[in-house]
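Next up, input_20.txt (compact mmCIF, C-alpha atoms):
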# COMPACT_ATOMS: atom_id res chain seq x y z
CA MET A 1 -6.12 -4.39 18.01
CA THR A 2 -4.36 -1.40 16.44
CA ASN A 3 -1.60 -1.78 13.87
CA LEU A 4 0.95 -0.74 16.48
CA GLU A 5 -0.30 -3.40 18.87
CA LYS A 6 -0.15 -6.01 16.10
CA TYR A 7 3.35 -4.90 15.17
CA ASP A 8 4.58 -5.03 18.76
CA LYS A 9 2.96 -8.42 19.30
CA ALA A 10 4.81 -9.81 16.26
CA PHE A 11 8.12 -8.90 17.91
CA ILE A 12 7.12 -10.01 21.38
CA ASP A 13 5.90 -13.38 20.12
CA ALA A 14 9.01 -13.92 18.03
CA PHE A 15 11.61 -12.79 20.55
CA ASN A 16 9.92 -12.83 23.97
CA VAL A 17 11.05 -9.24 24.60
CA ALA A 18 9.48 -6.52 26.74
CA ALA A 19 7.43 -3.88 24.96
CA GLU A 20 9.54 -1.07 26.39
CA ASP A 21 12.65 -2.52 24.73
CA LEU A 22 11.15 -2.49 21.26
CA PRO A 23 11.68 1.08 20.02
CA ASN A 24 15.46 0.80 19.89
CA LEU A 25 15.65 -2.87 18.97
CA LYS A 26 17.90 -3.75 16.03
CA TYR A 27 18.72 -6.97 14.20
CA GLN A 28 21.15 -9.11 16.20
CA ASP A 29 20.90 -6.81 19.25
CA ILE A 30 19.58 -9.80 21.15
CA ALA A 31 20.29 -13.50 20.77
CA ALA A 32 16.72 -14.24 19.73
CA TRP A 33 16.87 -11.87 16.75
CA ASP A 34 19.31 -13.94 14.74
CA SER A 35 18.72 -15.16 11.20
CA VAL A 36 16.35 -17.89 12.39
CA GLY A 37 14.43 -15.52 14.63
CA HIS A 38 14.27 -13.02 11.80
CA MET A 39 12.30 -15.43 9.65
CA SER A 40 9.90 -16.11 12.50
CA LEU A 41 9.39 -12.36 12.89
CA MET A 42 8.72 -11.98 9.17
CA ALA A 43 6.17 -14.81 9.32
CA ASN A 44 4.45 -13.14 12.28
CA ILE A 45 4.31 -9.80 10.49
CA GLU A 46 2.97 -11.36 7.29
CA ASP A 47 0.23 -13.06 9.29
CA SER A 48 -0.59 -9.98 11.33
CA PHE A 49 -1.07 -7.72 8.31
CA ASP A 50 -2.00 -10.34 5.71
CA ILE A 51 0.85 -9.40 3.40
CA MET A 52 3.60 -11.26 1.52
CA MET A 53 6.94 -9.56 1.92
CA GLU A 54 9.54 -9.43 -0.82
CA VAL A 55 12.99 -10.87 -0.21
CA GLU A 56 14.54 -7.41 -0.56
CA ASP A 57 12.35 -6.09 2.24
CA ILE A 58 13.07 -9.08 4.45
CA MET A 59 16.79 -8.39 4.02
CA ASP A 60 16.32 -4.67 4.62
CA PHE A 61 14.25 -5.14 7.76
CA SER A 62 17.09 -4.22 10.12
CA SER A 63 15.32 -2.71 13.09
CA TYR A 64 11.99 -2.19 14.80
CA ALA A 65 11.95 1.42 13.58
CA HIS A 66 12.99 0.70 9.99
CA GLY A 67 10.45 -2.08 9.77
CA LYS A 68 7.69 0.46 10.26
CA GLU A 69 9.03 2.48 7.34
CA ILE A 70 9.17 -0.58 5.09
CA LEU A 71 5.62 -1.60 5.90
CA LYS A 72 4.32 1.90 5.24
CA ALA A 73 6.29 2.46 2.02
CA ASN A 74 5.84 -0.92 0.37
CA TYR A 75 2.74 -2.54 1.88
CA GLU A 76 0.47 0.39 2.78
CA VAL A 77 0.56 -0.63 6.42
CA ASP A 78 0.73 2.46 8.61
CA ILE A 79 1.86 1.38 12.06
CA GLU A 80 1.59 4.80 13.65
CA GLY A 81 -1.70 5.78 12.03
CA MET B 1 -5.24 -50.13 1.46
CA LYS B 2 -2.00 -48.25 2.01
CA ASN B 3 -0.72 -47.16 5.36
CA LYS B 4 -2.12 -43.73 6.16
CA ILE B 5 1.30 -42.31 6.95
CA LEU B 6 0.36 -38.86 5.70
CA SER B 7 -2.74 -38.42 7.81
CA GLY B 8 -3.05 -34.80 8.89
CA LYS B 9 -0.51 -33.57 6.35
CA ASN B 10 -1.26 -30.86 3.78
CA ILE B 11 1.10 -31.08 0.85
CA LEU B 12 1.74 -28.86 -2.16
CA VAL B 13 2.86 -30.75 -5.26
CA THR B 14 3.92 -28.87 -8.38
CA GLY B 15 3.38 -30.21 -11.86
CA THR B 16 0.43 -32.52 -11.24
CA ALA B 17 -1.09 -32.44 -14.71
CA ARG B 18 0.66 -35.66 -15.65
CA GLY B 19 3.48 -38.07 -14.88
CA MET B 20 4.97 -38.23 -11.41
CA GLY B 21 3.03 -35.29 -10.05
CA ARG B 22 -0.30 -36.76 -11.07
CA GLN B 23 0.65 -40.04 -9.41
CA MET B 24 1.75 -38.23 -6.26
CA VAL B 25 -1.70 -36.67 -5.88
CA GLU B 26 -3.24 -40.14 -5.82
CA THR B 27 -0.55 -41.77 -3.68
CA PHE B 28 -0.58 -39.01 -1.07
CA ALA B 29 -4.38 -38.94 -0.98
CA GLU B 30 -4.46 -42.69 -0.53
CA MET B 31 -2.16 -42.16 2.45
CA SER B 32 -4.69 -39.65 3.83
CA ALA B 33 -2.97 -36.38 2.94
CA ASN B 34 -4.73 -33.28 1.70
CA VAL B 35 -3.06 -32.04 -1.46
CA PHE B 36 -2.66 -28.68 -3.14
CA ALA B 37 -2.36 -29.94 -6.71
CA HIS B 38 -0.54 -27.40 -8.83
CA ALA B 39 -0.71 -27.20 -12.60
CA ARG B 40 0.24 -24.47 -15.06
CA LYS B 41 -3.29 -23.79 -16.16
CA PHE B 42 -6.82 -24.94 -15.54
CA THR B 43 -8.11 -27.87 -17.57
CA GLU B 44 -11.31 -29.78 -17.12
CA GLN B 45 -9.29 -32.98 -17.10
CA HIS B 46 -7.12 -31.85 -14.19
CA ALA B 47 -10.04 -30.47 -12.20
CA ASP B 48 -11.99 -33.68 -12.73
CA TYR B 49 -9.00 -35.76 -11.68
CA CYS B 50 -8.64 -33.78 -8.47
CA LYS B 51 -12.31 -34.25 -7.66
CA GLU B 52 -12.19 -37.94 -8.49
CA ILE B 53 -9.22 -38.53 -6.19
CA ALA B 54 -10.74 -36.44 -3.40
CA ASP B 55 -13.96 -38.44 -3.56
CA LYS B 56 -12.16 -41.75 -3.82
CA PHE B 57 -10.01 -41.25 -0.74
CA ASP B 58 -12.14 -38.77 1.20
CA THR B 59 -9.44 -36.10 1.36
CA LYS B 60 -9.15 -32.53 0.12
CA ILE B 61 -7.50 -32.09 -3.27
CA ILE B 62 -7.29 -28.38 -3.98
CA PRO B 63 -6.25 -27.47 -7.53
CA VAL B 64 -4.03 -24.41 -7.80
CA TYR B 65 -3.06 -22.96 -11.14
CA PHE B 66 -0.11 -20.70 -11.80
CA GLU B 67 2.80 -20.36 -14.19
CA LEU B 68 6.05 -21.32 -12.49
CA THR B 69 8.19 -19.17 -14.77
CA ASN B 70 6.40 -15.99 -13.74
CA ALA B 71 7.26 -14.58 -10.31
CA ASP B 72 4.01 -12.63 -10.06
CA GLU B 73 2.04 -15.75 -10.89
CA ILE B 74 3.85 -17.73 -8.20
CA LYS B 75 3.03 -15.01 -5.70
CA ARG B 76 -0.61 -15.07 -6.71
CA GLY B 77 -0.71 -18.85 -6.35
CA ILE B 78 0.82 -18.68 -2.88
CA SER B 79 -1.73 -16.03 -1.92
CA GLU B 80 -4.50 -18.44 -2.90
CA ILE B 81 -2.95 -21.16 -0.76
CA ARG B 82 -2.55 -18.79 2.19
CA ALA B 83 -6.15 -17.69 1.85
CA THR B 84 -7.34 -21.23 2.53
CA LYS B 85 -5.83 -20.95 6.05
CA ILE B 86 -4.73 -24.57 5.66
CA PRO B 87 -1.18 -24.97 6.98
CA VAL B 88 1.32 -26.36 4.50
CA ASN B 89 3.28 -29.27 5.98
CA GLY B 90 4.97 -30.53 2.85
CA LEU B 91 6.21 -29.33 -0.51
CA VAL B 92 7.22 -31.43 -3.48
CA ASN B 93 9.06 -29.49 -6.15
CA ASN B 94 8.20 -31.90 -8.91
CA ALA B 95 7.53 -29.77 -11.99
CA GLY B 96 10.35 -29.89 -14.45
CA ILE B 97 11.31 -30.08 -18.07
CA THR B 98 13.87 -32.27 -19.71
CA PHE B 99 16.30 -31.65 -22.51
CA ASN B 100 18.78 -33.84 -24.34
CA ALA B 101 21.56 -32.41 -26.47
CA LEU B 102 25.29 -32.64 -26.66
CA PHE B 103 27.15 -29.81 -24.97
CA GLN B 104 28.26 -28.30 -28.26
CA MET B 105 24.68 -28.44 -29.54
CA THR B 106 23.17 -26.67 -26.55
CA THR B 107 22.30 -23.00 -26.88
CA MET B 108 22.33 -20.60 -23.98
CA GLU B 109 18.60 -20.23 -24.44
CA ASP B 110 18.29 -23.99 -23.86
CA VAL B 111 20.32 -23.67 -20.67
CA ARG B 112 18.25 -20.73 -19.44
CA ASN B 113 15.01 -22.56 -20.14
CA GLN B 114 16.19 -25.53 -18.09
CA PHE B 115 17.24 -23.40 -15.16
CA GLU B 116 14.09 -21.28 -15.34
CA VAL B 117 11.80 -24.23 -14.73
CA ASN B 118 14.03 -26.74 -12.96
CA PHE B 119 15.80 -24.41 -10.57
CA PHE B 120 14.68 -20.76 -10.43
CA ALA B 121 11.00 -21.65 -10.10
CA PRO B 122 11.42 -24.11 -7.21
CA PHE B 123 13.88 -21.72 -5.58
CA LEU B 124 11.34 -18.88 -5.48
CA LEU B 125 8.37 -21.08 -4.68
CA THR B 126 10.25 -22.68 -1.80
CA GLN B 127 11.11 -19.27 -0.38
CA TYR B 128 7.41 -18.52 -0.08
CA ILE B 129 6.42 -21.94 1.23
CA VAL B 130 9.17 -21.98 3.85
CA LYS B 131 7.65 -18.83 5.33
CA LEU B 132 4.39 -20.73 5.72
CA MET B 133 6.15 -23.73 7.27
CA ILE B 134 8.08 -21.58 9.75
CA ARG B 135 4.78 -20.64 11.37
CA ASN B 136 4.37 -24.29 12.41
CA LYS B 137 8.04 -24.93 13.16
CA SER B 138 7.88 -28.03 11.00
CA GLY B 139 7.78 -29.12 7.40
CA SER B 140 9.27 -31.39 4.80
CA ILE B 141 10.54 -30.32 1.40
CA VAL B 142 11.15 -32.92 -1.29
CA ASN B 143 12.92 -31.83 -4.43
CA ILE B 144 12.64 -34.07 -7.46
CA SER B 145 16.10 -33.98 -9.00
CA SER B 146 17.55 -36.63 -11.28
CA SER B 147 20.21 -39.30 -11.42
CA ALA B 148 21.64 -37.17 -14.24
CA ALA B 149 22.50 -34.55 -11.60
CA LEU B 150 24.78 -37.08 -9.90
CA ASP B 151 26.10 -38.93 -12.92
CA GLY B 152 26.66 -36.13 -15.41
CA ASN B 153 25.63 -38.11 -18.47
CA SER B 154 26.39 -37.24 -22.07
CA GLY B 155 23.66 -35.05 -23.50
CA LYS B 156 22.53 -33.83 -20.09
CA SER B 157 24.80 -30.82 -19.54
CA ALA B 158 21.90 -28.36 -19.33
CA TYR B 159 19.28 -30.59 -17.73
CA GLY B 160 21.70 -32.29 -15.33
CA SER B 161 23.23 -28.99 -14.27
CA SER B 162 19.85 -27.50 -13.46
CA LYS B 163 18.96 -30.58 -11.42
CA ALA B 164 22.36 -30.52 -9.70
CA ALA B 165 21.65 -26.94 -8.66
CA LEU B 166 18.49 -28.24 -7.05
CA LEU B 167 20.56 -30.74 -5.07
CA CYS B 168 22.82 -27.98 -3.78
CA MET B 169 19.76 -25.98 -2.77
CA THR B 170 18.44 -29.04 -0.96
CA ARG B 171 21.60 -29.47 1.09
CA CYS B 172 21.76 -25.76 1.94
CA LEU B 173 18.11 -25.68 3.00
CA SER B 174 18.51 -28.74 5.18
CA GLU B 175 21.11 -26.92 7.23
CA GLU B 176 19.53 -23.46 7.24
CA LEU B 177 16.03 -24.61 8.08
CA ALA B 178 16.80 -27.33 10.60
CA ALA B 179 16.40 -24.89 13.46
CA ASN B 180 12.84 -24.30 12.30
CA GLY B 181 12.05 -28.00 12.24
CA ILE B 182 11.99 -28.10 8.46
CA ARG B 183 13.65 -30.97 6.60
CA ALA B 184 14.78 -30.95 2.97
CA ASN B 185 15.66 -33.98 0.87
CA ALA B 186 15.93 -34.81 -2.79
CA ILE B 187 14.95 -37.77 -4.88
CA CYS B 188 17.09 -38.65 -7.87
CA PRO B 189 14.98 -40.82 -10.16
CA GLY B 190 16.57 -42.88 -12.87
CA VAL B 191 14.67 -43.47 -16.04
CA THR B 192 11.02 -43.55 -15.10
CA GLU B 193 8.00 -44.34 -17.21
CA THR B 194 6.74 -40.83 -17.90
CA ASP B 195 6.16 -38.67 -20.93
CA MET B 196 9.74 -37.54 -20.55
CA VAL B 197 10.99 -40.97 -21.55
CA ALA B 198 9.43 -40.39 -24.93
CA THR B 199 12.00 -37.68 -25.57
CA MET B 200 14.90 -40.11 -25.20
CA PRO B 201 16.39 -41.72 -28.30
CA ASP B 202 15.76 -45.48 -28.60
CA TYR B 203 19.41 -46.40 -28.20
CA ALA B 204 19.52 -44.57 -24.89
CA VAL B 205 16.34 -46.27 -23.69
CA ASN B 206 17.68 -49.73 -24.51
CA LEU B 207 21.07 -49.02 -23.03
CA GLN B 208 19.47 -47.79 -19.83
CA LEU B 209 17.38 -50.94 -19.50
CA GLU B 210 20.42 -53.15 -19.98
CA SER B 211 22.36 -51.16 -17.43
CA THR B 212 19.82 -51.34 -14.64
CA PHE B 213 20.18 -54.05 -11.99
CA LEU B 214 16.44 -54.61 -11.85
CA GLY B 215 16.16 -54.67 -15.66
CA LYS B 216 13.16 -52.37 -15.87
CA PHE B 217 12.24 -48.72 -15.71
CA GLY B 218 10.85 -47.22 -12.57
CA LYS B 219 7.17 -46.49 -12.30
CA VAL B 220 5.88 -43.13 -11.22
CA SER B 221 4.46 -44.85 -8.16
CA ASP B 222 8.00 -45.87 -7.16
CA ILE B 223 8.95 -42.20 -6.97
CA ALA B 224 5.70 -41.17 -5.29
CA ASN B 225 6.14 -43.79 -2.57
CA VAL B 226 9.60 -42.53 -1.66
CA ALA B 227 8.34 -38.95 -1.68
CA ALA B 228 5.54 -39.99 0.67
CA PHE B 229 8.07 -41.53 3.04
CA LEU B 230 10.14 -38.34 3.04
CA LEU B 231 7.04 -36.24 3.71
CA SER B 232 5.94 -38.49 6.55
CA ASP B 233 7.07 -38.58 10.15
CA TYR B 234 8.72 -41.93 9.45
CA SER B 235 11.62 -39.97 7.98
CA SER B 236 11.77 -37.41 10.79
CA TYR B 237 15.53 -37.92 11.30
CA ILE B 238 16.41 -37.69 7.60
CA THR B 239 17.42 -34.38 6.06
CA GLY B 240 19.88 -33.15 3.46
CA GLN B 241 19.89 -36.48 1.64
CA PHE B 242 19.80 -37.37 -2.04
CA ILE B 243 18.00 -40.66 -2.58
CA ARG B 244 18.51 -42.49 -5.85
CA VAL B 245 15.43 -44.30 -7.06
CA ASP B 246 16.87 -45.84 -10.18
CA GLY B 247 16.60 -49.60 -9.93
CA GLY B 248 20.33 -49.86 -9.35
CA VAL B 249 22.28 -48.54 -12.28
CA THR B 250 25.66 -50.00 -13.19
CA GLU B 251 28.70 -47.78 -13.46
CA TYR B 252 28.60 -48.43 -17.21
CA GLY B 253 25.00 -47.28 -17.31
CA LYS B 254 25.79 -44.14 -15.37
CA ARG B 255 28.45 -43.22 -17.89
CA GLN B 256 26.49 -44.04 -21.01
CA SER B 257 22.87 -43.10 -20.38

If you convert what's in this file into structure tokens, what do you get?
Amino acid sequence: MTNLEKYDKAFIDAFNVAAEDLPNLKYQDIAAWDSVGHMSLMANIEDSFDIMMEVEDIMDFSSYAHGKEILKANYEVDIEG
Amino acid sequence: MKNKILSGKNILVTGTARGMGRQMVETFAEMSANVFAHARKFTEQHADYCKEIADKFDTKIIPVYFELTNADEIKRGISEIRATKIPVNGLVNNAGITFNALFQMTTMEDVRNQFEVNFFAPFLLTQYIVKLMIRNKSGSIVNISSSAALDGNSGKSAYGSSKAALLCMTRCLSEELAANGIRANAICPGVTETDMVATMPDYAVNLQLESTFLGKFGKVSDIANVAAFLLSDYSSYITGQFIRVDGGVTEYGKRQS
């Protein structure tokens, strides 16, 4: 499984959303991505990439797109690579 | 033989080198739990104790060593726990330090030391552990606070305040984490027979005994048993509660201890 597939799966498992809806998805765009869902997403991502995210990054993780930037900048996880 | 009410549970207990934490390792193991037994640093004595308890009750007792006042150390310790791939079902924030001094004799360094160990450390540790619990949509957090947090006794302004902060955290967590199936409760022990009692002046010890309905100090097993109940499924409808385990202290005792 590629990093992109892992990343998408983390969202799909957490929010039960379609893959085609992911690129523009933002925090609180959908009911499932509320504060509770956010923590489930963070847990999925930590498991998928075997990382431990800092609180600042969890707070900053505001969209599908920005999440990729955070993972690349702070955890050496390149989703697009 | 105790009821195996913790069968299938994996529980992290902080501060297991002595006192309540050490007792909890044995009590939980006897109730069939696997235990991550935290201590500040490795000692042969602690490692041997963990092995002895594991053999005695045929459970896993996994020692984990990290300094609770160092955020990087906490992170490293959590990484070790994650690496075991054993899900964490329960957390007991037991590690703590005590301090007795009148308000006007308490330095800000004293206050910071109390909060560092009694509040900031469990706050950060719990943040990490909650992320592990969310994966399973269940968990039980037990914070060991103190009757001093509720009573506000003379000489306990720093210690009691740090433990009161832990109570507030408990109540907040119980509401925030309920949707994830995670419960949070606190135990408020009265005077219990631990090393900490040795720091109390004699007059306070005697006064406390006289002011307790049951006329005796609690044993560490009394605290461990209540913690076991809160970690078990027998308390599945209890969250956000502060449970006094103090032998019944009179109002006079609450004011004077």

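For the residues A:Met39, A:Lys26, A:Ile70, A:Ser62, ranking by smallest atom-to-atom distance to chain B using all atoms listed in the file places A:Met39 first.
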
Within 12 Å of chain A: each chain B residue with its shortest pair, all atoms listed in the file, as a tab-separated table:
residue	atom	partner	partner_atom	distance
B:Ala71	CA	A:Glu54	CA	11.0
B:Asp72	CA	A:Glu54	CA	11.2
B:Ile74	CA	A:Met52	CA	11.7
B:Lys75	CA	A:Met52	CA	8.2
B:Arg76	CA	A:Met52	CA	10.0
B:Gly77	CA	A:Met52	CA	11.8
B:Ile78	CA	A:Met52	CA	9.1
B:Ser79	CA	A:Met52	CA	7.9
B:Glu80	CA	A:Met52	CA	11.7
B:Arg82	CA	A:Asp50	CA	9.2
B:Ala83	CA	A:Asp50	CA	9.3
B:Lys85	CA	A:Asp47	CA	10.5
B:Leu124	CA	A:Val55	CA	9.7
B:Gln127	CA	A:Val55	CA	8.6
B:Tyr128	CA	A:Met52	CA	8.4
B:Ile129	CA	A:Ala43	CA	10.8
B:Val130	CA	A:Met39	CA	9.3
B:Lys131	CA	A:Ala43	CA	5.9
B:Leu132	CA	A:Ala43	CA	7.2
B:Met133	CA	A:Ala43	CA	9.2
B:Ile134	CA	A:Ser40	CA	6.4
B:Arg135	CA	A:Ala43	CA	6.3
B:Asn136	CA	A:Ser40	CA	9.9
B:Lys137	CA	A:Ser40	CA	9.0
B:Glu175	CA	A:Val36	CA	11.4
B:Glu176	CA	A:Val36	CA	8.2
B:Leu177	CA	A:Val36	CA	8.0
B:Ala178	CA	A:Val36	CA	9.6
B:Ala179	CA	A:Val36	CA	7.1
B:Asn180	CA	A:Val36	CA	7.3
B:Gly181	CA	A:Val36	CA	11.0
B:Ile182	CA	A:Val36	CA	11.8

Requested in this report: Please identify all polymer residues within 9 Å of B:Val111, counting only C-alpha atoms, omitting same-chain residues fewer than 3 positions from it, and present them as a PyMOL selection string.
Outcome: chain B and resi 106-108+114-116+157-159+161-162

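Residue neighbourhood of stretch 36-40 of chain B, excluding near-sequence residues (fewer than 5 positions): Asn10, Ile11, Leu12, Val13, Thr14, Gly15, Thr16, Ala17, Val25, Cys50, Ile61, Ile62, Pro63, Val64, Tyr65, Phe66, Glu67, Leu68 and Ile81 of chain B, at 8 Å, using all atoms listed in the file.
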
Residue neighbourhood stretch 231-243 of chain B, 8 Å, only C-alpha atoms, exclusion window fewer than 5 positions, as a compact mmCIF listing (two decimals) with C-alpha atoms, in the frame of the given file:
# COMPACT_ATOMS: atom_id res chain seq x y z
CA ILE B 5 1.30 -42.31 6.95
CA LEU B 6 0.36 -38.86 5.70
CA GLY B 90 4.97 -30.53 2.85
CA SER B 140 9.27 -31.39 4.80
CA ILE B 141 10.54 -30.32 1.40
CA VAL B 142 11.15 -32.92 -1.29
CA LEU B 167 20.56 -30.74 -5.07
CA THR B 170 18.44 -29.04 -0.96
CA ARG B 171 21.60 -29.47 1.09
CA CYS B 172 21.76 -25.76 1.94
CA LEU B 173 18.11 -25.68 3.00
CA SER B 174 18.51 -28.74 5.18
CA GLU B 175 21.11 -26.92 7.23
CA ARG B 183 13.65 -30.97 6.60
CA ALA B 184 14.78 -30.95 2.97
CA ASN B 185 15.66 -33.98 0.87
CA ALA B 186 15.93 -34.81 -2.79
CA ILE B 187 14.95 -37.77 -4.88
CA CYS B 188 17.09 -38.65 -7.87

Around stretch 12-16 of chain A, fit a box with edges along x, y and z, padding it by 4 Å on each side, then list its centre and edge lengths in Å to one decimal as lines of an AutoDock Vina configuration file.
center_x = 8.8
center_y = -12.0
center_z = 21.0
size_x = 13.7
size_y = 11.9
size_z = 13.9

Review point. Can you tell me, as a ChimeraX atom specification, what residues are no more than 9 Å from A:Tyr7 when counting all atoms listed in the file, ignoring any on the same chain fewer than 5 positions away?
Key: /A:2,12,44-45,48-49,68,79

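Atom CA of A:Tyr75 lies 22.3 Å from atom CA of A:Asn24.
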